[in-house]
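Student: Below is one structure. I have some questions about it.
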Amino acid sequence: MPTLFVIFNGQRFPVTKEEFIIGRGAKVADLAIKDGNISRRHAAIIFQNGNFYMKDLGSTNGIEYQGRRVDGRRIEEGDVYQLCDYELRCTYR
């Protein structure tokens, strides 16, 4: 599995498993964002067929990429996803 990092609030979070959960629930999320607008299990980064994908887990406020709401998308180097007021930057470096 290649190494993917999610940069959030200036911190780098390595994605080291096949399903990396992003959400409000500290007990269930690998990357917890304490905000009422973020769903408990908001999104997941999933490793499948040699690629990483950003996937909405049925959240209320969704995920945006380049200003458009997306349900799922393959993660490319430098991609920036918006979850409510938060930016998640993805890098393989």
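Ligands are numbered from 1 in the order shown, chains are lettered A, B, ... in the order of the structure tokens, and residues start at 1 in each chain.
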Per DSSP on the backbone, what are the strand (DSSP E or B) residues of chain A, as an MDAnalysis selection string?
Tutor: chainID A and resid 4:8 11:15 19:23 31:32 43:48 51:56 63:65 68:70 72:74 80:83 86:91
Student: Residues at most 8 Å from stretch 53-68 of chain A, counting only C-alpha atoms, excluding those fewer than 5 positions away in the same chain, as a PyMOL selection string?
Tutor: chain A and resi 37-39+41-48+73-75+80-84
Student: The selected residues should be written to file as an mmCIF file, in the first residue's frame (atoms: C-alpha atoms).
Tutor:
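Dumped everything to selection_4.cif:
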```
data_model
loop_
_atom_site.group_PDB
_atom_site.id
_atom_site.type_symbol
_atom_site.label_atom_id
_atom_site.label_comp_id
_atom_site.auth_asym_id
_atom_site.auth_seq_id
_atom_site.Cartn_x
_atom_site.Cartn_y
_atom_site.Cartn_z
ATOM 1 C CA ASN A 37 -21.726 20.059 11.377
ATOM 2 C CA ILE A 38 -19.485 17.013 10.850
ATOM 3 C CA SER A 39 -21.311 13.679 10.972
ATOM 4 C CA ARG A 41 -18.920 8.942 10.468
ATOM 5 C CA HIS A 42 -18.685 11.639 7.795
ATOM 6 C CA ALA A 43 -16.284 10.214 5.206
ATOM 7 C CA ALA A 44 -13.814 7.429 4.617
ATOM 8 C CA ILE A 45 -10.592 7.092 2.696
ATOM 9 C CA ILE A 46 -10.708 3.626 1.205
ATOM 10 C CA PHE A 47 -7.809 1.722 -0.373
ATOM 11 C CA GLN A 48 -9.127 -0.414 -3.222
ATOM 12 C CA ARG A 73 -13.633 10.149 -5.985
ATOM 13 C CA ARG A 74 -10.178 8.694 -6.565
ATOM 14 C CA ILE A 75 -7.555 10.682 -4.631
ATOM 15 C CA VAL A 80 -8.121 19.226 -1.510
ATOM 16 C CA TYR A 81 -11.484 18.167 -0.117
ATOM 17 C CA GLN A 82 -13.843 20.383 1.845
ATOM 18 C CA LEU A 83 -15.843 18.961 4.762
ATOM 19 C CA CYS A 84 -18.037 21.819 6.000
#
```
Student: List the spatial neighbours of A:Arg40 as a ChimeraX atom specification - criterion: any atom at most 9 Å away, only C-alpha atoms, same-chain residues fewer than 5 positions off excluded.
Tutor: /A:22-26,28-29,32,59
Student: Kindly give the distance, in Å, that separates atom CA of A:Lys27 and atom CA of A:Glu87, rounded to a single decimal.
Tutor: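 Atom CA of A:Lys27 sits 21.6 Å away from atom CA of A:Glu87.
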Student: Would you please work out which residue, of A:Met1, A:Phe8, A:Phe52, A:Asp35, is nearest to A:Leu88 when using only C-alpha atoms?
Tutor: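 Smallest separation from A:Leu88 among the options: A:Phe8.
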Student: Select, from A:Gly50, A:Tyr86, A:Glu19, A:Leu31, the residue with the minimum atom-to-atom distance to A:Pro2, counting only C-alpha atoms.
Tutor: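 Of all the options, A:Gly50 lies closest to A:Pro2.
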